[in-house]
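I have placed the structure first, in the form of structure tokens, so that the comments after it can refer back to it.
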Number of protein chains: 2
Amino acid sequence: MKIIAYSDAGKIALGVVTSDLHFLAVADVAPDLPARLIEILEMDGGLDRLRAAVAGKVGDRLLADVTLKPFLDRPNAMWALALNFKSHIAETGLHTNPDYPHLFMRTPASYVGALEPIVAPPEAVARAFDYEGELGVIVGKSGRYIPVERAMEYVAGYTCLNEGSVREYQMHNRQFGLGKNFEASGSYGPWLMTPDEFGDPGKHWVLTRINGVVRQRAPLDDMLIDVARTISYLSQGYHLRPGDLIAMGTPGALPPQPDDAEGRDLSRQYGPFPTPGLVHMRPGDWVEVEIDGLGVLRNPVIADPAHLLG
Amino acid sequence: MKIIAYSDAGKIALGVVTSDLHFLAVADVAPDLPARLIEILEMDGGLDRLRAAVAGKVGDRLLADVTLKPFLDRPNAMWALALNFKSHIAETGLHTNPDYPHLFMRTPASYVGALEPIVAPPEAVARAFDYEGELGVIVGKSGRYIPVERAMEYVAGYTCLNEGSVREYQMHNRQFGLGKNFEASGSYGPWLMTPDEFGDPGKHWVLTRINGVVRQRAPLDDMLIDVARTISYLSQGYHLRPGDLIAMGTPGALPPQPDDAEGRDLSRQYGPFPTPGLVHMRPGDWVEVEIDGLGVLRNPVIADPAHLLG
């Protein structure tokens, strides 16, 4: 099952995708279910009720007619992992502890939905605005002290995620702080795919394209700490809640092709780790994060409208 | 004006404190105002309407009859500053950039209200569970690209805050992650005090007592980065929202008195920075964070009930 959130007459509504083009509105097929995904996840058997309500039905609405939105409305926590792919650890030269997930947090306002614009900081503020293609994990039920071997029971689904980062601000201090939390600097979507449909995350790959050029590509089993170990670790101190999001970390840059002038031009990079094959996101770009068998998250990059307003 | 949130028949209600013992229920004096503080802050002139509604009235309810709760319900962001007092920088020996606030985040679930129990991790999980007495700043209105000289206009009020930290987890990696986000490991309260009543933060001091012994005490003008600079910095990348919380950092430990056996016994400390005068929080303790002219935030420390349940 693939669940979307979309804007419907100024409110956020939920849908279930039934084909490449169509979806069913949850309010049509299951009007007794809440309009917020987190509230459905909080219900005992909420996802099962939704699955039963859409079974055998054909989508009567067009995905192209609606604006997708982030499907997690003010969760308690949006975790993210730093330095969790061996290729990214190698390109940064940074150290991470191999025994524990390297965790930090983002705010809901730092993420937009699929096809919504990602906002680049004004050049006077920062220039090293980087994509990070990642697997996003959505928690489906509450739990504490969860053993690794039961951790996957707590997953409601998966999504594509761009953990957009402003490197200059990330490097102001040891803690990433604001550099990982610029307004509308990242995205997730286009939908939540449930585990029965997605299967084992380790058997998939993630890739990132900028303007059609593949810039990151890695198998998800290249993670240092996998989904189950991350959930189990978090639960040692934190009571997991339905709707919590975990961004599982990004791989390194792909080496540029011989004819890839932009990817080979290190003088165009402003960040702390000049890396062949890395390009920054700039207004006018299109960014795509794809996970095979899950979907493609596409976003245009725009200049900061708040700055333009003064 | 001092605003509290309290539990009223299973729901969170708001009140305004009128004396050491009494308060007015907002639902009694301003039934047209929302029941959530963030929604009042989001209204144009919301706090002014509340002030007008309570003006000249005498509180008819007893503070002692209600259970105080955290007054911020799922804000978009709960920021916190690391290494922002010179005395704390000195005792840790850690470096921080003097030009930028050193920011990280906490989840709403990591904080409880005044007099609610703070939860110590089981000893098998962690032992270095530390208080951090701090000034909490609550944002009152939305804003971006805020100059330092206008930043204080964005403050709705102040509160006492205990930024409780689990040092072992904080040290697992460079990013503090879970170590600053154990469930119910910190607290803020007892109320939000508006700036007209509190005045200039730099003219106040903060202190922390464990079981009646003063363990931290510092003037708030010992901060490396003050409230105005922190708000201005955040607004370079983040659109501040009503109800956002900023924990302004904690001072160092006070040197122990000659007869203070516990404070002088470094062998009882489990953290990375054995420090005379530092003691860890343990079940059975009472922790108090006091800011002069603002109030006292008191919390008992209890053993983790989730762990006891298995």
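We label chains A, B, ... in the order they appear in the structure tokens, count residues from 1 in each chain, and number ligands from 1 in the order shown.
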
Please identify all residues of chain B having at least one atom at most 8 Å from any atom of chain A, considering only C-alpha atoms, and return them as a PyMOL selection string.
chain B and resi 74-77+96-97+100+102-109+121+125+144-145+172-179+181-183+234+236-239+306-307

N, CA and C atoms of the current selection, written as a CSV table (one decimal), in the first residue's frame:
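File written: out29.csv
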```csv
chain,number,residue,atom,x,y,z
B,74,ARG,N,3.8,20.3,21.2
B,74,ARG,CA,4.4,20.0,19.9
B,74,ARG,C,4.7,21.2,19.1
B,75,PRO,N,5.6,22.1,19.6
B,75,PRO,CA,6.1,23.2,18.8
B,75,PRO,C,6.9,22.6,17.6
B,76,ASN,N,7.2,23.4,16.6
B,76,ASN,CA,7.9,23.0,15.4
B,76,ASN,C,9.4,22.6,15.8
B,77,ALA,N,9.9,23.4,16.8
B,77,ALA,CA,11.3,23.2,17.1
B,77,ALA,C,11.6,23.5,18.6
B,96,THR,N,34.3,25.6,21.4
B,96,THR,CA,33.1,26.0,20.7
B,96,THR,C,33.5,27.3,19.9
B,97,ASN,N,32.7,27.5,18.8
B,97,ASN,CA,33.0,28.7,18.0
B,97,ASN,C,32.4,29.9,18.6
B,100,TYR,N,29.2,31.8,16.7
B,100,TYR,CA,27.9,31.3,16.4
B,100,TYR,C,27.4,30.5,17.6
B,102,HIS,N,26.0,27.3,19.4
B,102,HIS,CA,26.3,25.9,19.2
B,102,HIS,C,25.0,25.1,19.4
B,103,LEU,N,24.2,24.9,18.3
B,103,LEU,CA,22.8,24.4,18.4
B,103,LEU,C,22.6,23.0,18.2
B,104,PHE,N,21.7,22.4,19.0
B,104,PHE,CA,21.2,21.1,18.7
B,104,PHE,C,19.7,21.1,19.1
B,105,MET,N,19.1,19.9,19.0
B,105,MET,CA,17.6,19.9,19.2
B,105,MET,C,17.2,18.8,20.2
B,106,ARG,N,16.0,19.1,20.8
B,106,ARG,CA,15.4,18.1,21.7
B,106,ARG,C,13.9,17.9,21.2
B,107,THR,N,13.4,16.7,21.5
B,107,THR,CA,12.0,16.5,21.2
B,107,THR,C,11.1,16.9,22.4
B,108,PRO,N,9.8,17.2,22.1
B,108,PRO,CA,8.9,17.6,23.2
B,108,PRO,C,8.8,16.5,24.3
B,109,ALA,N,8.9,15.2,23.9
B,109,ALA,CA,8.8,14.2,24.9
B,109,ALA,C,10.0,14.1,25.8
B,121,PRO,N,17.6,7.0,33.7
B,121,PRO,CA,17.8,5.7,33.0
B,121,PRO,C,18.1,4.6,34.0
B,125,VAL,N,21.7,0.9,31.8
B,125,VAL,CA,21.7,1.6,30.5
B,125,VAL,C,22.7,2.8,30.6
B,144,ARG,N,11.8,35.8,10.0
B,144,ARG,CA,13.0,35.4,9.3
B,144,ARG,C,13.9,36.6,9.0
B,145,TYR,N,15.2,36.4,8.9
B,145,TYR,CA,16.2,37.5,8.7
B,145,TYR,C,16.0,38.6,9.7
B,172,HIS,N,28.5,9.0,22.5
B,172,HIS,CA,28.6,7.9,21.5
B,172,HIS,C,29.2,8.3,20.2
B,173,ASN,N,28.8,9.6,19.8
B,173,ASN,CA,29.3,10.1,18.6
B,173,ASN,C,29.4,11.6,18.7
B,174,ARG,N,29.9,12.3,17.6
B,174,ARG,CA,30.0,13.8,17.6
B,174,ARG,C,28.7,14.5,17.9
B,175,GLN,N,27.6,14.0,17.2
B,175,GLN,CA,26.3,14.6,17.4
B,175,GLN,C,25.7,14.0,18.7
B,176,PHE,N,25.1,14.9,19.5
B,176,PHE,CA,24.6,14.4,20.8
B,176,PHE,C,23.5,13.4,20.7
B,177,GLY,N,22.6,13.6,19.7
B,177,GLY,CA,21.6,12.6,19.4
B,177,GLY,C,20.7,12.2,20.6
B,178,LEU,N,20.7,10.9,20.9
B,178,LEU,CA,19.9,10.4,21.9
B,178,LEU,C,20.2,10.8,23.3
B,179,GLY,N,21.5,11.2,23.5
B,179,GLY,CA,22.0,11.6,24.9
B,179,GLY,C,21.3,12.8,25.4
B,181,ASN,N,18.1,13.4,24.5
B,181,ASN,CA,16.7,13.2,24.2
B,181,ASN,C,16.1,12.0,24.9
B,182,PHE,N,16.6,11.6,26.0
B,182,PHE,CA,16.0,10.5,26.7
B,182,PHE,C,14.6,11.0,27.2
B,183,GLU,N,13.7,10.0,27.1
B,183,GLU,CA,12.3,10.3,27.5
B,183,GLU,C,12.2,10.9,28.9
B,234,LEU,N,19.5,32.1,14.2
B,234,LEU,CA,18.5,31.0,13.8
B,234,LEU,C,17.7,31.5,12.6
B,236,GLN,N,18.5,33.3,10.2
B,236,GLN,CA,19.2,33.3,8.9
B,236,GLN,C,18.8,32.1,8.0
B,237,GLY,N,18.4,31.0,8.7
B,237,GLY,CA,18.0,29.8,7.9
B,237,GLY,C,16.6,29.2,8.3
B,238,TYR,N,16.1,29.6,9.4
B,238,TYR,CA,14.9,29.0,10.0
B,238,TYR,C,13.9,30.1,10.2
B,239,HIS,N,12.7,29.8,9.8
B,239,HIS,CA,11.6,30.7,10.0
B,239,HIS,C,11.0,30.5,11.4
B,306,ALA,N,9.2,2.4,32.6
B,306,ALA,CA,9.1,1.5,31.4
B,306,ALA,C,10.1,0.3,31.6
B,307,HIS,N,11.2,0.6,32.2
B,307,HIS,CA,12.2,-0.5,32.4
B,307,HIS,C,11.6,-1.5,33.4
```

Fewer than 2 positions away in the same chain doesn't count, so skip those; otherwise give me all residues within 9 Å of range 47-63 of chain A, counting only C-alpha atoms, as a PyMOL selection string.
chain A and resi 1+16-26+29-30+33+40-41+43-45+65-68+156

Please dump the current selection as a PDB file, in the first residue's frame; keep C-alpha atoms.
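The result, written out as selection.pdb:
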```
ATOM      1  CA  MET A   1       0.000   0.000   0.000  1.00  0.00           C
ATOM      2  CA  VAL A  16      -4.000   5.508  -1.407  1.00  0.00           C
ATOM      3  CA  VAL A  17      -2.217   5.135  -4.751  1.00  0.00           C
ATOM      4  CA  THR A  18      -3.714   2.438  -6.982  1.00  0.00           C
ATOM      5  CA  SER A  19      -1.794   2.856 -10.267  1.00  0.00           C
ATOM      6  CA  ASP A  20       0.900   5.038 -11.816  1.00  0.00           C
ATOM      7  CA  LEU A  21      -1.768   7.664 -12.439  1.00  0.00           C
ATOM      8  CA  HIS A  22      -4.605   7.138  -9.960  1.00  0.00           C
ATOM      9  CA  PHE A  23      -5.436   7.155  -6.285  1.00  0.00           C
ATOM     10  CA  LEU A  24      -8.389   6.745  -3.944  1.00  0.00           C
ATOM     11  CA  ALA A  25      -9.246   9.462  -1.431  1.00  0.00           C
ATOM     12  CA  VAL A  26      -9.288   7.985   2.077  1.00  0.00           C
ATOM     13  CA  VAL A  29     -13.477   4.924   0.968  1.00  0.00           C
ATOM     14  CA  ALA A  30     -13.004   5.127   4.749  1.00  0.00           C
ATOM     15  CA  LEU A  33     -10.764   7.076   9.588  1.00  0.00           C
ATOM     16  CA  ILE A  40      -4.369   6.320  11.758  1.00  0.00           C
ATOM     17  CA  LEU A  41      -1.029   4.854  12.861  1.00  0.00           C
ATOM     18  CA  MET A  43      -5.164   3.476  16.141  1.00  0.00           C
ATOM     19  CA  ASP A  44      -4.966  -0.206  16.906  1.00  0.00           C
ATOM     20  CA  GLY A  45      -5.090  -1.835  13.476  1.00  0.00           C
ATOM     21  CA  ASP A  65      -4.562  16.830 -10.321  1.00  0.00           C
ATOM     22  CA  VAL A  66      -3.317  17.271  -6.748  1.00  0.00           C
ATOM     23  CA  THR A  67      -0.350  18.804  -4.924  1.00  0.00           C
ATOM     24  CA  LEU A  68       1.402  16.240  -2.727  1.00  0.00           C
ATOM     25  CA  ALA A 156       4.943   1.449   9.295  1.00  0.00           C
TER      26      ALA A 156
END
```

Near-Leu254 in chain B list (6 Å; only C-alpha atoms; drop same-chain fewer than 6 positions) as a count of residues only:
3

Fitted copy of chain A on chain B, all Cα, as a tab-separated table (two decimals) with C-alpha atoms, in the first residue's frame:
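Final file, result19.tsv:
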```
chain	number	residue	atom	x	y	z
A	1	MET	CA	2.10	37.86	33.35
A	2	LYS	CA	2.85	34.26	34.32
A	3	ILE	CA	1.13	31.60	32.20
A	4	ILE	CA	0.80	27.98	33.27
A	5	ALA	CA	-0.58	24.84	31.68
A	6	TYR	CA	-2.22	22.26	33.91
A	7	SER	CA	-4.09	19.02	33.73
A	8	ASP	CA	-7.84	19.49	34.05
A	9	ALA	CA	-9.98	16.35	33.82
A	10	GLY	CA	-7.51	14.73	31.41
A	11	LYS	CA	-7.13	17.78	29.17
A	12	ILE	CA	-4.49	20.49	29.17
A	13	ALA	CA	-5.84	23.88	30.28
A	14	LEU	CA	-4.16	27.28	30.60
A	15	GLY	CA	-4.02	29.56	33.60
A	16	VAL	CA	-2.60	32.91	34.67
A	17	VAL	CA	-0.85	33.06	38.05
A	18	THR	CA	-2.04	35.92	40.25
A	19	SER	CA	-0.26	35.27	43.58
A	20	ASP	CA	2.10	32.76	45.18
A	21	LEU	CA	-0.89	30.50	45.74
A	22	HIS	CA	-3.59	31.38	43.21
A	23	PHE	CA	-4.34	31.47	39.51
A	24	LEU	CA	-7.16	32.25	37.11
A	25	ALA	CA	-8.31	29.66	34.58
A	26	VAL	CA	-8.09	31.13	31.07
A	27	ALA	CA	-11.25	29.23	30.13
A	28	ASP	CA	-13.08	31.17	32.88
A	29	VAL	CA	-11.87	34.70	32.10
A	30	ALA	CA	-11.35	34.44	28.33
A	31	PRO	CA	-13.46	31.52	27.04
A	32	ASP	CA	-13.06	32.73	23.46
A	33	LEU	CA	-9.28	32.21	23.53
A	34	PRO	CA	-7.82	28.84	22.41
A	35	ALA	CA	-6.89	26.23	25.02
A	36	ARG	CA	-3.36	25.84	23.60
A	37	LEU	CA	-0.73	28.48	24.34
A	38	ILE	CA	0.84	28.14	20.88
A	39	GLU	CA	-2.50	29.04	19.30
A	40	ILE	CA	-2.80	32.14	21.50
A	41	LEU	CA	0.73	33.16	20.47
A	42	GLU	CA	-0.20	32.61	16.81
A	43	MET	CA	-3.13	35.06	17.10
A	44	ASP	CA	-2.44	38.68	16.35
A	45	GLY	CA	-2.43	40.32	19.78
A	46	GLY	CA	-3.35	37.05	21.50
A	47	LEU	CA	-1.22	37.69	24.61
A	48	ASP	CA	-2.58	41.23	24.88
A	49	ARG	CA	-6.14	39.89	24.86
A	50	LEU	CA	-5.22	37.48	27.63
A	51	ARG	CA	-3.60	40.28	29.62
A	52	ALA	CA	-6.71	42.45	29.27
A	53	ALA	CA	-8.95	39.55	30.32
A	54	VAL	CA	-7.11	38.96	33.60
A	55	ALA	CA	-6.44	42.64	34.47
A	56	GLY	CA	-7.63	43.48	37.98
A	57	LYS	CA	-9.02	40.00	38.62
A	58	VAL	CA	-8.11	37.95	41.67
A	59	GLY	CA	-7.17	34.30	41.20
A	60	ASP	CA	-9.87	31.95	42.49
A	61	ARG	CA	-8.05	28.64	42.01
A	62	LEU	CA	-5.22	27.11	44.02
A	63	LEU	CA	-1.94	26.19	42.32
A	64	ALA	CA	-1.62	23.40	44.88
A	65	ASP	CA	-4.79	21.76	43.55
A	66	VAL	CA	-3.54	21.16	40.00
A	67	THR	CA	-0.76	19.26	38.24
A	68	LEU	CA	1.35	21.58	36.08
A	69	LYS	CA	2.21	20.36	32.57
A	70	PRO	CA	4.60	21.54	29.84
A	71	PHE	CA	2.91	24.58	28.27
A	72	LEU	CA	4.28	24.02	24.74
A	73	ASP	CA	2.35	21.35	22.85
A	74	ARG	CA	4.36	19.98	19.88
A	75	PRO	CA	6.15	23.16	18.78
A	76	ASN	CA	7.94	22.95	15.45
A	77	ALA	CA	11.35	23.22	17.10
A	78	MET	CA	12.97	22.91	20.54
A	79	TRP	CA	16.49	24.27	20.15
A	80	ALA	CA	19.21	24.10	22.76
A	81	LEU	CA	22.68	25.62	23.04
A	82	ALA	CA	25.78	23.65	23.96
A	83	LEU	CA	28.82	25.24	25.61
A	84	ASN	CA	27.34	28.72	25.99
A	85	PHE	CA	28.67	29.60	29.47
A	86	LYS	CA	32.36	30.30	29.89
A	87	SER	CA	32.43	28.29	33.15
A	88	HIS	CA	31.00	25.20	31.41
A	89	ILE	CA	33.37	25.54	28.44
A	90	ALA	CA	36.28	25.67	30.90
A	91	GLU	CA	35.23	22.58	32.89
A	92	THR	CA	34.72	20.42	29.78
A	93	GLY	CA	37.84	21.62	27.97
A	94	LEU	CA	35.79	21.49	24.76
A	95	HIS	CA	36.00	24.00	21.94
A	96	THR	CA	33.09	26.05	20.67
A	97	ASN	CA	33.02	28.68	17.96
A	98	PRO	CA	32.71	32.09	19.66
A	99	ASP	CA	30.97	33.57	16.61
A	100	TYR	CA	27.94	31.27	16.39
A	101	PRO	CA	25.52	29.64	18.83
A	102	HIS	CA	26.26	25.92	19.17
A	103	LEU	CA	22.84	24.43	18.43
A	104	PHE	CA	21.21	21.05	18.72
A	105	MET	CA	17.61	19.88	19.20
A	106	ARG	CA	15.39	18.08	21.65
A	107	THR	CA	11.96	16.48	21.21
A	108	PRO	CA	8.87	17.58	23.18
A	109	ALA	CA	8.83	14.14	24.85
A	110	SER	CA	12.20	14.80	26.45
A	111	TYR	CA	10.64	17.48	28.70
A	112	VAL	CA	8.13	17.25	31.55
A	113	GLY	CA	6.47	20.08	33.50
A	114	ALA	CA	7.13	21.44	36.97
A	115	LEU	CA	6.79	18.87	39.79
A	116	GLU	CA	6.35	16.04	37.29
A	117	PRO	CA	8.94	13.28	37.69
A	118	ILE	CA	12.14	13.34	35.66
A	119	VAL	CA	13.06	9.79	34.68
A	120	ALA	CA	16.56	8.45	35.34
A	121	PRO	CA	17.79	5.71	32.98
A	122	PRO	CA	18.26	2.27	34.55
A	123	GLU	CA	21.82	1.85	35.82
A	124	ALA	CA	22.42	-0.90	33.28
A	125	VAL	CA	21.72	1.63	30.50
A	126	ALA	CA	23.50	4.76	31.82
A	127	ARG	CA	24.66	6.37	35.07
A	128	ALA	CA	25.91	9.82	34.10
A	129	PHE	CA	22.50	11.52	34.16
A	130	ASP	CA	23.17	15.23	34.62
A	131	TYR	CA	21.10	18.34	35.37
A	132	GLU	CA	21.68	21.46	33.31
A	133	GLY	CA	19.99	24.53	34.81
A	134	GLU	CA	19.17	26.99	32.04
A	135	LEU	CA	17.10	29.94	30.89
A	136	GLY	CA	14.39	28.86	28.45
A	137	VAL	CA	13.20	31.36	25.83
A	138	ILE	CA	9.80	30.99	24.17
A	139	VAL	CA	9.37	32.53	20.72
A	140	GLY	CA	6.25	34.69	20.36
A	141	LYS	CA	5.96	35.46	16.67
A	142	SER	CA	7.04	34.30	13.25
A	143	GLY	CA	10.10	35.76	11.62
A	144	ARG	CA	13.03	35.35	9.28
A	145	TYR	CA	16.15	37.45	8.69
A	146	ILE	CA	15.75	39.19	12.05
A	147	PRO	CA	18.49	41.73	12.89
A	148	VAL	CA	20.03	41.43	16.37
A	149	GLU	CA	18.65	44.81	17.41
A	150	ARG	CA	15.05	43.68	16.76
A	151	ALA	CA	15.41	40.09	17.97
A	152	MET	CA	14.00	40.63	21.48
A	153	GLU	CA	10.64	41.63	19.93
A	154	TYR	CA	10.26	37.95	19.03
A	155	VAL	CA	10.38	36.73	22.63
A	156	ALA	CA	7.01	35.78	24.16
A	157	GLY	CA	8.55	34.92	27.52
A	158	TYR	CA	11.02	33.04	29.65
A	159	THR	CA	11.02	29.94	31.80
A	160	CYS	CA	13.31	27.87	34.04
A	161	LEU	CA	14.63	24.79	32.26
A	162	ASN	CA	16.51	21.64	33.23
A	163	GLU	CA	18.18	20.31	30.10
A	164	GLY	CA	18.78	16.85	31.56
A	165	SER	CA	21.46	14.91	29.69
A	166	VAL	CA	22.65	11.30	29.56
A	167	ARG	CA	26.39	11.72	29.10
A	168	GLU	CA	27.29	8.19	27.99
A	169	TYR	CA	24.87	8.41	25.05
A	170	GLN	CA	25.85	11.99	24.30
A	171	MET	CA	29.43	10.77	23.84
A	172	HIS	CA	28.65	7.85	21.51
A	173	ASN	CA	29.28	10.12	18.56
A	174	ARG	CA	30.01	13.75	17.65
A	175	GLN	CA	26.31	14.58	17.39
A	176	PHE	CA	24.61	14.43	20.81
A	177	GLY	CA	21.58	12.61	19.37
A	178	LEU	CA	19.87	10.37	21.88
A	179	GLY	CA	21.97	11.54	24.84
A	180	LYS	CA	20.02	14.81	24.90
A	181	ASN	CA	16.68	13.15	24.17
A	182	PHE	CA	15.99	10.49	26.74
A	183	GLU	CA	12.29	10.26	27.49
A	184	ALA	CA	11.25	12.70	30.26
A	185	SER	CA	14.90	13.50	31.00
A	186	GLY	CA	14.39	17.27	31.28
A	187	SER	CA	11.79	19.79	32.35
A	188	TYR	CA	10.69	23.38	31.98
A	189	GLY	CA	8.39	25.63	33.95
A	190	PRO	CA	6.73	26.35	36.28
A	191	TRP	CA	5.40	29.05	33.95
A	192	LEU	CA	6.11	31.35	31.03
A	193	MET	CA	6.88	34.84	32.34
A	194	THR	CA	6.39	37.64	29.83
A	195	PRO	CA	9.31	40.01	29.09
A	196	ASP	CA	7.59	43.09	30.57
A	197	GLU	CA	7.73	41.33	33.95
A	198	PHE	CA	11.12	39.58	33.57
A	199	GLY	CA	13.12	42.44	32.06
A	200	ASP	CA	16.65	42.05	30.67
A	201	PRO	CA	17.80	38.40	30.94
A	202	GLY	CA	21.39	39.55	31.42
A	203	LYS	CA	20.48	41.08	34.79
A	204	HIS	CA	19.36	37.74	36.28
A	205	TRP	CA	21.14	34.62	37.49
A	206	VAL	CA	20.37	30.91	37.29
A	207	LEU	CA	21.08	28.29	39.92
A	208	THR	CA	20.54	24.56	40.30
A	209	ARG	CA	20.04	22.70	43.58
A	210	ILE	CA	20.15	18.95	44.11
A	211	ASN	CA	18.51	17.91	47.36
A	212	GLY	CA	18.88	21.49	48.55
A	213	VAL	CA	22.61	21.84	47.77
A	214	VAL	CA	23.46	24.54	45.21
A	215	ARG	CA	25.41	22.87	42.38
A	216	GLN	CA	25.34	25.58	39.68
A	217	ARG	CA	25.04	29.36	39.97
A	218	ALA	CA	25.90	31.92	37.33
A	219	PRO	CA	24.84	35.33	36.09
A	220	LEU	CA	23.01	35.08	32.77
A	221	ASP	CA	25.32	37.71	31.28
A	222	ASP	CA	28.08	35.06	31.36
A	223	MET	CA	26.61	33.65	28.14
A	224	LEU	CA	28.92	33.51	25.14
A	225	ILE	CA	26.02	34.15	22.71
A	226	ASP	CA	23.02	36.00	24.17
A	227	VAL	CA	19.32	35.61	23.41
A	228	ALA	CA	19.21	38.30	20.73
A	229	ARG	CA	22.20	36.94	18.81
A	230	THR	CA	20.81	33.39	19.00
A	231	ILE	CA	17.44	34.43	17.60
A	232	SER	CA	19.05	36.47	14.84
A	233	TYR	CA	21.35	33.59	13.87
A	234	LEU	CA	18.53	31.03	13.79
A	235	SER	CA	16.48	33.32	11.58
A	236	GLN	CA	19.15	33.26	8.88
A	237	GLY	CA	18.03	29.77	7.96
A	238	TYR	CA	14.95	28.97	9.97
A	239	HIS	CA	11.57	30.68	10.03
A	240	LEU	CA	10.94	31.17	13.75
A	241	ARG	CA	7.46	30.13	14.91
A	242	PRO	CA	5.35	30.95	17.96
A	243	GLY	CA	5.99	28.33	20.62
A	244	ASP	CA	9.52	27.44	19.58
A	245	LEU	CA	11.70	26.94	22.66
A	246	ILE	CA	15.38	27.83	23.00
A	247	ALA	CA	17.38	26.45	25.96
A	248	MET	CA	20.20	28.94	26.41
A	249	GLY	CA	22.94	26.68	27.79
A	250	THR	CA	24.17	25.79	31.27
A	251	PRO	CA	26.96	27.10	33.51
A	252	GLY	CA	29.74	25.05	35.09
A	253	ALA	CA	29.65	23.28	38.44
A	254	LEU	CA	30.17	25.27	41.65
A	255	PRO	CA	33.27	24.15	43.60
A	256	PRO	CA	32.17	21.94	46.51
A	257	GLN	CA	32.25	23.14	50.11
A	258	PRO	CA	34.84	21.52	52.42
A	259	ASP	CA	32.19	19.37	54.14
A	260	ASP	CA	30.54	18.29	50.89
A	261	ALA	CA	31.65	14.67	50.67
A	262	GLU	CA	29.43	13.82	47.71
A	263	GLY	CA	30.55	16.83	45.65
A	264	ARG	CA	34.23	16.07	46.34
A	265	ASP	CA	34.03	12.36	45.50
A	266	LEU	CA	35.09	12.08	41.84
A	267	SER	CA	34.95	8.28	42.05
A	268	ARG	CA	31.14	8.55	42.09
A	269	GLN	CA	31.12	10.21	38.67
A	270	TYR	CA	30.64	8.19	35.49
A	271	GLY	CA	30.81	10.90	32.82
A	272	PRO	CA	33.63	12.02	30.56
A	273	PHE	CA	34.53	15.13	32.59
A	274	PRO	CA	35.00	14.32	36.30
A	275	THR	CA	34.32	17.68	37.93
A	276	PRO	CA	34.43	18.67	41.61
A	277	GLY	CA	30.95	19.80	42.63
A	278	LEU	CA	29.15	17.78	39.98
A	279	VAL	CA	26.79	15.02	41.11
A	280	HIS	CA	24.56	12.91	38.90
A	281	MET	CA	20.77	12.81	39.24
A	282	ARG	CA	19.50	9.60	40.81
A	283	PRO	CA	16.06	8.22	41.69
A	284	GLY	CA	14.89	9.81	44.92
A	285	ASP	CA	16.63	13.16	44.27
A	286	TRP	CA	14.88	16.49	44.04
A	287	VAL	CA	16.20	18.91	41.42
A	288	GLU	CA	15.49	22.63	41.40
A	289	VAL	CA	16.35	25.22	38.77
A	290	GLU	CA	15.82	28.76	39.99
A	291	ILE	CA	16.07	32.02	38.07
A	292	ASP	CA	15.81	35.10	40.26
A	293	GLY	CA	12.66	37.09	39.62
A	294	LEU	CA	11.20	34.25	37.57
A	295	GLY	CA	10.61	31.29	39.87
A	296	VAL	CA	11.72	27.81	40.83
A	297	LEU	CA	11.30	24.67	38.71
A	298	ARG	CA	11.18	21.62	40.99
A	299	ASN	CA	11.19	17.99	39.89
A	300	PRO	CA	11.58	14.66	41.66
A	301	VAL	CA	13.79	12.08	39.94
A	302	ILE	CA	12.37	8.57	39.61
A	303	ALA	CA	13.54	5.22	38.25
A	304	ASP	CA	12.43	4.40	34.71
A	305	PRO	CA	8.94	2.84	34.93
A	306	ALA	CA	9.13	1.49	31.35
A	307	HIS	CA	12.17	-0.52	32.34
A	308	LEU	CA	10.51	-1.78	35.50
A	309	LEU	CA	7.61	-3.04	33.38
A	310	GLY	CA	10.07	-5.09	31.36
```

Write down as a count of residues only the residues belonging to range 119-210 of chain A that are assigned helix (DSSP H, G or I) by DSSP computed on the backbone.
22

Check the DSSP output for the backbone and give back, as JSON, numbers by chain, the residues of range 120-261 of chain A in strand (DSSP E).
{"A": [120, 129, 130, 133, 134, 135, 136, 137, 138, 139, 155, 156, 157, 158, 159, 160, 161, 162, 165, 166, 186, 187, 188, 189, 190, 191, 192, 193, 205, 206, 207, 208, 209, 210, 213, 214, 215, 216, 217, 218, 219, 245, 246, 247]}
